[in-house]
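J.: Below is model-v4.cif; it holds mmCIF, C-alpha atoms.
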```cif
data_data
#
loop_
_atom_site.label_atom_id
_atom_site.label_comp_id
_atom_site.auth_asym_id
_atom_site.auth_seq_id
_atom_site.Cartn_x
_atom_site.Cartn_y
_atom_site.Cartn_z
CA MET D 1 -12.32 -55.28 16.67
CA ARG D 2 -11.70 -56.74 20.12
CA ARG D 3 -8.90 -54.24 20.68
CA LEU D 4 -11.13 -51.38 19.56
CA LEU D 5 -13.92 -52.38 21.93
CA LEU D 6 -11.47 -52.70 24.82
CA SER D 7 -9.96 -49.32 24.08
CA LEU D 8 -13.32 -47.58 23.90
CA ALA D 9 -14.38 -49.20 27.17
CA LEU D 10 -11.28 -47.83 28.85
CA VAL D 11 -11.73 -44.36 27.37
CA PHE D 12 -15.37 -43.99 28.32
CA GLY D 13 -15.64 -46.10 31.45
CA GLY D 14 -12.33 -47.31 32.82
CA LEU D 15 -11.24 -43.97 34.22
CA SER D 16 -14.25 -43.90 36.49
CA LEU D 17 -14.09 -47.43 37.93
CA GLY D 18 -15.45 -47.41 41.43
CA SER D 19 -17.90 -44.61 40.60
CA PRO D 20 -21.67 -44.92 40.17
CA PRO D 21 -23.10 -44.85 36.63
CA ALA D 22 -22.88 -41.40 35.05
CA PRO D 23 -22.41 -39.82 31.63
CA ALA D 24 -19.08 -41.14 30.33
CA GLN D 25 -16.51 -38.64 29.15
CA SER D 26 -12.82 -38.63 28.38
CA THR D 27 -10.77 -36.27 30.54
CA PHE D 28 -7.48 -36.65 28.68
CA ASP D 29 -7.63 -32.97 27.74
CA HIS D 30 -6.85 -32.17 31.40
CA PHE D 31 -3.38 -33.72 31.19
CA GLY D 32 -0.20 -31.93 30.18
CA SER D 33 2.84 -32.34 32.45
CA ALA D 34 4.73 -35.36 33.77
CA ARG D 35 5.72 -33.20 36.73
CA ALA D 36 2.05 -32.96 37.73
CA ASP D 37 1.51 -36.67 37.03
CA GLY D 38 4.28 -37.51 39.49
CA MET D 39 2.49 -35.54 42.23
CA GLY D 40 -0.95 -37.07 41.74
CA ARG D 41 -1.99 -34.04 39.60
CA ALA D 42 -2.42 -32.03 42.81
CA THR D 43 -1.16 -28.84 41.18
CA THR D 44 -4.14 -26.47 41.24
CA ALA D 45 -2.29 -24.06 43.55
CA ALA D 46 1.28 -24.73 42.37
CA PRO D 47 2.70 -21.38 41.15
CA THR D 48 5.12 -23.16 38.81
CA ALA D 49 2.61 -25.61 37.28
CA TRP D 50 2.43 -25.71 33.48
CA GLY D 51 0.80 -27.69 30.70
CA ALA D 52 -2.66 -28.06 29.21
CA HIS D 53 -4.00 -29.47 32.48
CA ALA D 54 -2.78 -26.57 34.62
CA ASN D 55 -4.68 -23.81 36.36
CA PRO D 56 -4.53 -21.06 33.68
CA ALA D 57 -3.78 -18.44 36.36
CA THR D 58 -0.31 -19.91 36.92
CA ASN D 59 0.75 -18.66 33.49
CA ALA D 60 0.74 -15.11 34.93
CA LEU D 61 3.88 -16.00 36.92
CA LEU D 62 5.87 -17.20 33.92
CA PRO D 63 9.18 -15.28 33.84
CA HIS D 64 10.20 -16.34 30.31
CA ALA D 65 8.59 -17.57 27.14
CA ALA D 66 8.35 -21.36 27.19
CA ALA D 67 7.39 -24.26 24.93
CA SER D 68 6.37 -27.61 26.38
CA PHE D 69 5.72 -31.09 25.01
CA TYR D 70 3.97 -33.97 26.76
CA ALA D 71 3.17 -37.62 26.03
CA GLN D 72 1.33 -40.32 27.97
CA GLU D 73 0.40 -43.93 27.26
CA ALA D 74 -2.57 -44.78 29.46
CA PHE D 75 -2.38 -48.19 31.14
CA GLY D 76 0.43 -49.18 28.80
CA LEU D 77 -1.89 -49.40 25.76
CA SER D 78 -0.64 -47.89 22.51
CA ALA D 79 -4.24 -47.20 21.46
CA LEU D 80 -4.60 -44.84 24.44
CA ARG D 81 -1.74 -42.48 23.69
CA TYR D 82 -2.07 -38.77 24.36
CA GLY D 83 0.19 -35.96 23.16
CA ALA D 84 0.20 -32.22 23.81
CA ALA D 85 2.24 -29.15 22.92
CA SER D 86 1.87 -25.64 24.32
CA LEU D 87 3.50 -22.22 24.06
CA ALA D 88 3.32 -19.38 26.58
CA ALA D 89 4.84 -15.91 26.27
CA PRO D 90 4.79 -12.99 28.75
CA VAL D 91 3.86 -9.63 27.24
CA SER D 92 3.40 -6.18 28.73
CA TRP D 93 -0.27 -6.79 29.64
CA GLY D 94 -0.08 -10.40 30.78
CA THR D 95 0.85 -13.83 29.45
CA VAL D 96 -0.62 -15.29 26.27
CA VAL D 97 -0.86 -19.04 25.84
CA GLY D 98 -1.76 -21.46 23.08
CA GLY D 99 -1.63 -25.18 22.60
CA ALA D 100 -2.94 -28.34 20.98
CA SER D 101 -3.41 -31.91 22.12
CA THR D 102 -4.65 -35.17 20.67
CA PHE D 103 -5.80 -38.50 22.05
CA GLY D 104 -6.99 -41.77 20.57
CA PHE D 105 -6.43 -44.02 17.56
CA GLU D 106 -7.73 -44.49 14.02
CA GLU D 107 -11.32 -45.31 14.98
CA TYR D 108 -11.59 -42.75 17.80
CA ARG D 109 -9.83 -39.39 17.94
CA GLU D 110 -10.05 -36.34 20.21
CA ILE D 111 -8.36 -33.05 19.29
CA HIS D 112 -8.19 -30.01 21.57
CA LEU D 113 -7.04 -26.49 20.62
CA THR D 114 -6.47 -23.93 23.38
CA ALA D 115 -5.82 -20.18 23.58
CA GLY D 116 -5.76 -18.01 26.68
CA LEU D 117 -4.54 -15.09 28.74
CA ALA D 118 -3.30 -14.69 32.32
CA ARG D 119 -2.51 -11.59 34.36
CA SER D 120 -1.23 -10.72 37.85
CA PHE D 121 -2.61 -8.16 40.28
CA SER D 122 -1.22 -6.84 43.57
CA PHE D 123 -2.93 -5.85 46.78
CA GLY D 124 -1.13 -4.60 49.87
CA THR D 125 2.64 -4.53 49.98
CA SER D 126 3.44 -8.23 49.70
CA ARG D 127 0.34 -10.06 48.49
CA SER D 128 -0.80 -10.75 44.97
CA PHE D 129 -3.37 -12.72 43.04
CA HIS D 130 -3.44 -14.03 39.51
CA LEU D 131 -6.28 -14.64 37.07
CA GLY D 132 -6.32 -16.72 33.92
CA ALA D 133 -8.77 -17.82 31.25
CA THR D 134 -8.56 -20.23 28.34
CA VAL D 135 -10.91 -21.07 25.50
CA ARG D 136 -10.65 -24.67 24.34
CA ARG D 137 -12.02 -26.19 21.16
CA HIS D 138 -12.98 -29.87 21.65
CA HIS D 139 -13.38 -32.02 18.56
CA THR D 140 -14.20 -35.74 18.64
CA ARG D 141 -14.43 -38.16 15.72
CA ILE D 142 -15.71 -41.74 15.91
CA ALA D 143 -15.36 -43.89 12.78
CA GLY D 144 -18.75 -44.78 11.38
CA TYR D 145 -20.55 -42.18 13.51
CA GLY D 146 -19.08 -38.87 12.35
CA SER D 147 -17.66 -36.01 14.37
CA ALA D 148 -18.76 -33.21 16.70
CA GLY D 149 -17.19 -30.31 18.54
CA GLY D 150 -17.74 -27.57 21.08
CA TRP D 151 -16.11 -24.54 22.73
CA ALA D 152 -15.41 -24.55 26.48
CA LEU D 153 -14.35 -21.65 28.69
CA ASN D 154 -11.97 -22.42 31.58
CA LEU D 155 -11.11 -20.02 34.42
CA GLY D 156 -8.42 -20.01 37.08
CA LEU D 157 -7.45 -18.12 40.24
CA LEU D 158 -4.22 -18.20 42.22
CA VAL D 159 -3.79 -16.23 45.46
CA GLN D 160 -0.63 -15.83 47.51
CA MET D 161 -1.92 -16.09 51.09
CA LEU D 162 1.53 -16.04 52.70
CA PRO D 163 5.06 -16.00 51.26
CA SER D 164 5.09 -19.81 51.52
CA LEU D 165 1.37 -20.55 50.93
CA HIS D 166 -0.75 -20.33 47.77
CA LEU D 167 -4.46 -21.03 47.28
CA GLY D 168 -5.72 -21.97 43.83
CA ALA D 169 -9.01 -22.69 42.08
CA HIS D 170 -9.63 -23.95 38.54
CA THR D 171 -12.96 -24.56 36.81
CA THR D 172 -13.50 -25.97 33.32
CA ASN D 173 -16.34 -25.62 30.84
CA VAL D 174 -18.12 -22.90 32.81
CA ASN D 175 -20.36 -22.26 29.81
CA GLY D 176 -21.71 -25.83 29.87
CA ALA D 177 -20.72 -26.71 26.30
CA SER D 178 -21.60 -30.10 24.81
CA LEU D 179 -20.39 -32.15 21.88
CA THR D 180 -23.98 -33.12 21.06
CA ASP D 181 -27.27 -33.24 22.94
CA GLY D 182 -26.84 -35.54 25.92
CA GLU D 183 -23.02 -35.60 25.61
CA PRO D 184 -21.73 -32.69 27.73
CA LEU D 185 -18.06 -31.85 27.84
CA PRO D 186 -16.44 -32.35 31.26
CA ARG D 187 -17.36 -29.67 33.82
CA THR D 188 -14.94 -29.68 36.72
CA LEU D 189 -13.85 -27.66 39.73
CA SER D 190 -10.64 -28.08 41.69
CA VAL D 191 -9.47 -26.18 44.77
CA GLY D 192 -6.01 -26.64 46.20
CA LEU D 193 -3.20 -25.49 48.45
CA HIS D 194 0.53 -25.31 47.79
CA TYR D 195 2.85 -25.03 50.79
CA ARG D 196 6.60 -24.44 50.58
CA ALA D 197 7.69 -26.27 53.74
CA HIS D 198 11.37 -25.64 52.93
CA ASP D 199 13.35 -24.15 50.07
CA ASP D 200 13.61 -27.69 48.68
CA VAL D 201 10.27 -29.20 49.77
CA ARG D 202 6.79 -28.55 48.31
CA LEU D 203 3.54 -30.03 49.67
CA LEU D 204 0.35 -29.96 47.58
CA ALA D 205 -3.27 -30.93 48.18
CA ASP D 206 -6.36 -30.68 45.94
CA VAL D 207 -10.04 -31.51 45.96
CA PHE D 208 -11.26 -32.23 42.41
CA LYS D 209 -14.92 -32.59 41.40
CA ASP D 210 -16.45 -33.47 38.04
CA VAL D 211 -20.17 -32.72 38.06
CA SER D 212 -20.86 -36.28 36.86
CA PHE D 213 -18.58 -38.12 39.27
CA PRO D 214 -17.73 -38.22 42.99
CA ALA D 215 -15.19 -35.80 44.43
CA THR D 216 -11.54 -36.86 44.39
CA ALA D 217 -8.82 -35.94 46.89
CA ARG D 218 -5.29 -35.57 45.51
CA ALA D 219 -2.00 -34.94 47.29
CA GLY D 220 1.64 -34.70 46.25
CA VAL D 221 5.11 -33.83 47.42
CA GLU D 222 8.22 -32.62 45.60
CA VAL D 223 11.70 -32.76 47.14
CA ARG D 224 14.81 -31.31 45.55
CA PRO D 225 17.95 -32.89 47.04
CA LEU D 226 19.90 -31.02 44.35
CA ASP D 227 19.04 -27.86 42.44
CA MET D 228 18.94 -29.87 39.21
CA LEU D 229 17.03 -32.90 40.58
CA GLY D 230 13.38 -33.17 41.63
CA LEU D 231 11.84 -36.28 43.24
CA ARG D 232 8.03 -36.56 43.38
CA ALA D 233 5.28 -38.75 44.78
CA GLY D 234 1.51 -38.48 44.82
CA VAL D 235 -1.76 -40.21 45.65
CA GLY D 236 -5.39 -39.84 44.62
CA THR D 237 -8.75 -41.30 45.60
CA VAL D 238 -11.89 -42.52 43.79
CA PRO D 239 -10.36 -44.56 42.32
CA THR D 240 -7.18 -45.09 44.33
CA ARG D 241 -4.06 -44.09 42.41
CA PHE D 242 -0.39 -43.82 43.31
CA SER D 243 2.26 -41.97 41.34
CA GLY D 244 5.91 -41.08 41.33
CA GLY D 245 8.32 -39.20 39.14
CA VAL D 246 11.64 -37.53 38.64
CA GLY D 247 12.67 -34.27 36.98
CA ILE D 248 15.96 -32.86 35.72
CA LEU D 249 16.51 -29.12 35.41
CA LEU D 250 19.42 -27.95 33.27
CA GLY D 251 19.32 -24.18 32.99
CA LEU D 252 16.22 -23.31 30.98
CA LEU D 253 15.57 -26.94 29.97
CA GLU D 254 13.40 -29.20 32.14
CA ALA D 255 12.74 -32.90 31.49
CA ASP D 256 10.32 -34.99 33.56
CA LEU D 257 9.30 -38.65 33.77
CA ALA D 258 6.40 -40.05 35.77
CA ALA D 259 4.18 -43.10 36.19
CA GLN D 260 0.75 -43.48 37.76
CA GLN D 261 -0.83 -46.71 38.97
CA HIS D 262 -4.58 -47.19 38.70
CA GLN D 263 -5.66 -49.89 41.15
CA GLN D 264 -7.60 -51.85 38.53
CA LEU D 265 -6.09 -50.82 35.18
CA GLY D 266 -2.37 -50.66 35.88
CA TRP D 267 0.40 -48.22 35.05
CA SER D 268 0.36 -45.08 32.88
CA PRO D 269 3.85 -43.74 32.04
CA SER D 270 4.33 -40.16 30.89
CA ALA D 271 7.10 -37.77 29.88
CA SER D 272 7.36 -34.05 29.28
CA LEU D 273 9.94 -31.56 28.08
CA ARG D 274 9.95 -27.80 28.62
CA LEU D 275 12.23 -25.23 27.03
CA SER D 276 12.37 -21.59 28.19
CA TRP D 277 14.14 -18.64 26.61
#
```
Hey, can you dump this file as C-alpha cells for me?

T.:
Amino acid sequence: MRRLLLSLALVFGGLSLGSPPAPAQSTFDHFGSARADGMGRATTAAPTAWGAHANPATNALLPHAAASFYAQEAFGLSALRYGAASLAAPVSWGTVVGGASTFGFEEYREIHLTAGLARSFSFGTSRSFHLGATVRRHHTRIAGYGSAGGWALNLGLLVQMLPSLHLGAHTTNVNGASLTDGEPLPRTLSVGLHYRAHDDVRLLADVFKDVSFPATARAGVEVRPLDMLGLRAGVGTVPTRFSGGVGILLGLLEADLAAQQHQQLGWSPSASLRLSW
C-alpha cells in the first residue's frame, strides 16, 4: 500500500513540483522517443522528430514507412513504467499514423490509442509547410474506482522558414475533452525552432505550456561526430531538468538511449528503437 500511495503521488503531483496547486494530470502520453528525451523534449520544430509525443506535422516528411518502440522508467521506479509503439506509412495523399501506449501498474493504468494523418504543402519555389492531426483515445482505470475515457484532437504545424530553419507548433486536446467532470485531459501548446547550424549540428528550443501549469522553456542540441553516431544534451525549466543521450544509426535501423534528471525526483532512463523500410 505504501508503494501504491507513493506511485500515485508521483503520477499526479510529482511531475509538477515547483508549480502552484492545479488540477493534477499525467502527461506520460506525450512521451515517445529517447532521442527527444536526450534533447530535453525540445522537438516541436524538429523535422525528423518521431514518436507519440511528436508534433504530428513532422510525419509528413517521413520518406519511408517506419515502426518505433519506446520504453521509459520514470525516476527509476518500476511502478512508473511507460511503453509505446507506433507505425507510420507514407501514401499518395499524405502519411497515415497509428499507435498505442500504456503507463502504470496493477492498481492504476492509462492506455492511449492514436490515429492520424499528415500532409505537406508547398508555397514559392523553395518553401513548404506541413500539417498534421491525430485523434487519441485516453482510457484510465483506477482499482476500486472504475474507469473512464475520452477522445482528444491534437494538431500540428511545421514551416520551413529557411533551408536551415524550421518553425513548429503543436497543440493537444483542442476539443477540451475530459475523463470525467472536473478531470480534464491535458491541454497543451508548444512552439519551437529548429536550426541546423552545421550539417552535423542541430539546435532546438521550445516554449511549452499546459493550461493548468506554468510555461516551461526547453532547449536541446544534437551533434553527429560520425554519420552513425548522435550525441545529445538538453535542459528544461519549471521544474529544472537536465538530460543527455546517445543514438546509433545503422542504415534504416535507429537505436537511442537517454536519461533525464528531475531536480527533486531523480533520474528517468529511456530507450527507443525505430525500423524503416

J.: Kindly assemble as a tab-separated table a list of the region 107-146 of chain D residues that lie within 6 Å of region 51-72 of chain D, each paired with its nearest atom pair and their distance in Å to one decimal, using all atoms listed in the file, sorted first by chain and then by ascending residue number.

T.:
```
residue	atom	partner	partner_atom	distance
D:Ala118	CA	D:Ala60	CA	4.8
D:Arg119	CA	D:Ala60	CA	4.8
D:Ser120	CA	D:Ala60	CA	5.6
D:His130	CA	D:Ala57	CA	5.4
D:Leu131	CA	D:Ala57	CA	4.6
D:Gly132	CA	D:Ala57	CA	3.9
D:Ala133	CA	D:Pro56	CA	5.9
```

J.: Given all atoms listed in the file, how would the per-residue table for region 73-177 of chain D near region 36-43 of chain D read, listing every residue at most 12 Å away with its closest atom pair and distance in Å to one decimal, sorted by chain and number, as a tab-separated table?

T.:
```
residue	atom	partner	partner_atom	distance
D:Ala74	CA	D:Asp37	CA	11.8
D:Leu158	CA	D:Thr43	CA	11.1
D:His166	CA	D:Thr43	CA	10.8
D:Leu167	CA	D:Thr43	CA	10.4
D:Gly168	CA	D:Thr43	CA	8.7
D:Ala169	CA	D:Thr43	CA	10.0
D:His170	CA	D:Thr43	CA	10.1
```

J.: Write out the residues from the selection above, keeping C-alpha atoms, as a PDB file, in the coordinates of the input.

T.:
```
ATOM      1  CA  ALA D  74      -2.570 -44.780  29.460  1.00  0.00           C
ATOM      2  CA  LEU D 158      -4.220 -18.200  42.220  1.00  0.00           C
ATOM      3  CA  HIS D 166      -0.750 -20.330  47.770  1.00  0.00           C
ATOM      4  CA  LEU D 167      -4.460 -21.030  47.280  1.00  0.00           C
ATOM      5  CA  GLY D 168      -5.720 -21.970  43.830  1.00  0.00           C
ATOM      6  CA  ALA D 169      -9.010 -22.690  42.080  1.00  0.00           C
ATOM      7  CA  HIS D 170      -9.630 -23.950  38.540  1.00  0.00           C
TER       8      HIS D 170
END
```

J.: Name the residues that the PyMOL selection byres ((chain D and resi 234) around 7) pulls out of this structure, and write them as a PDB file with C-alpha atoms, in the frame of the given file.

T.:
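Written file, expr19.pdb:
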```pdb
ATOM      1  CA  GLY D  38       4.280 -37.510  39.490  1.00  0.00           C
ATOM      2  CA  MET D  39       2.490 -35.540  42.230  1.00  0.00           C
ATOM      3  CA  GLY D  40      -0.950 -37.070  41.740  1.00  0.00           C
ATOM      4  CA  ALA D 219      -2.000 -34.940  47.290  1.00  0.00           C
ATOM      5  CA  GLY D 220       1.640 -34.700  46.250  1.00  0.00           C
ATOM      6  CA  VAL D 221       5.110 -33.830  47.420  1.00  0.00           C
ATOM      7  CA  ARG D 232       8.030 -36.560  43.380  1.00  0.00           C
ATOM      8  CA  ALA D 233       5.280 -38.750  44.780  1.00  0.00           C
ATOM      9  CA  VAL D 235      -1.760 -40.210  45.650  1.00  0.00           C
ATOM     10  CA  PHE D 242      -0.390 -43.820  43.310  1.00  0.00           C
ATOM     11  CA  SER D 243       2.260 -41.970  41.340  1.00  0.00           C
ATOM     12  CA  GLY D 244       5.910 -41.080  41.330  1.00  0.00           C
TER      13      GLY D 244
END
```

J.: Hey, which of D:Arg127, D:Leu231, D:Val246, D:Ala100 ends up closest to Leu162 (chain D)? Count only C-alpha atoms.

T.: D:Arg127

J.: Nearest to Val238 (chain D): which of D:Leu157, D:Gly266, D:Gly251, D:Lys209 is it, counting all atoms listed in the file?

T.: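 So, comparing all the options, the nearest one is D:Lys209.
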
J.: By how many Å are CA of Leu155 (chain D) and CA of Ser86 (chain D) apart?

T.: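 CA of Ser86 (chain D) lies 17.4 Å from CA of Leu155 (chain D).
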
J.: Measure the distance from CA of Ser92 (chain D) to CA of Thr134 (chain D) in Å and round it to one decimal.

T.: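 That distance, rounded to one decimal, is 18.5 Å.
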
J.: Can you spell out as a list in words the set of residues that the PyMOL selection byres ((chain D and resi 164) around 8) selects in the structure I just provided?

T.: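 Selected by the PyMOL selection byres ((chain D and resi 164) around 8) in this file: Met161, Leu162, Pro163, Leu165, His166, Tyr195, Arg196 and Ala197 of chain D.
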
J.: Counting all atoms listed in the file, find residues at most 7 Å from (-5.3, -32.4, 21.8) (file frame) and give them as a compact mmCIF listing (two decimals) with C-alpha atoms, in the frame of the given file.

T.:
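Once written, point_13.txt looks like this:
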```
# COMPACT_ATOMS: atom_id res chain seq x y z
CA ASP D 29 -7.63 -32.97 27.74
CA GLY D 83 0.19 -35.96 23.16
CA ALA D 84 0.20 -32.22 23.81
CA ALA D 100 -2.94 -28.34 20.98
CA SER D 101 -3.41 -31.91 22.12
CA THR D 102 -4.65 -35.17 20.67
CA PHE D 103 -5.80 -38.50 22.05
CA GLU D 110 -10.05 -36.34 20.21
CA ILE D 111 -8.36 -33.05 19.29
CA HIS D 112 -8.19 -30.01 21.57
CA LEU D 113 -7.04 -26.49 20.62
```

J.: When you count all atoms listed in the file, which of these residues is closest to Leu275 (chain D): D:Leu80, D:Met228, D:Ala85, D:Ala46?

T.: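 Result for the nearest residue to Leu275 (chain D): D:Ala85.
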
J.: Between D:Ile142, D:Val135, D:Ala217, D:Leu77, which one has atoms that come closest to Glu107 (chain D), using only C-alpha atoms?

T.: D:Ile142

J.: Would you kindly translate the PyMOL selection byres ((chain D and resi 208) around 8) into the concrete residues it picks from this file, as a ChimeraX atom specification?

T.: /D:188-191,206-207,209-210,215-218

J.: Between D:Ser212, D:Ser122, D:Thr114, D:Thr48, which residue has the minimum interatomic distance to His139 (chain D), considering only C-alpha atoms?

T.: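 Closest residue, counting only C-alpha atoms: D:Thr114.
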
J.: Measuring atom to atom with all atoms listed in the file, identify which of D:Ala34, D:Ala258, D:Ala79, D:Leu229 is nearest to Gly104 (chain D).

T.: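 The shortest atom-to-atom distance to Gly104 (chain D) comes from D:Ala79.
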
J.: Could you check how far CA of Val97 (chain D) sits from CA of Gly176 (chain D), in Å to one decimal?

T.: 22.3 Å

J.: Would you give the centre and edge lengths, in Å to one decimal, of a box along x, y and z around the listed atoms of region 235-250 of chain D, with 4 Å added to each side, as AutoDock Vina command-line options?

T.:
```
--center_x 3.8 --center_y -36.5 --center_z 39.5 --size_x 39.3 --size_y 25.1 --size_z 20.4
```

J.: Please identify all polymer residues within 9 Å of Gly230 (chain D), counting all atoms listed in the file, omitting same-chain residues fewer than 5 positions from it, and present them as a ChimeraX atom specification.

T.: /D:200,222-225,245-249,256
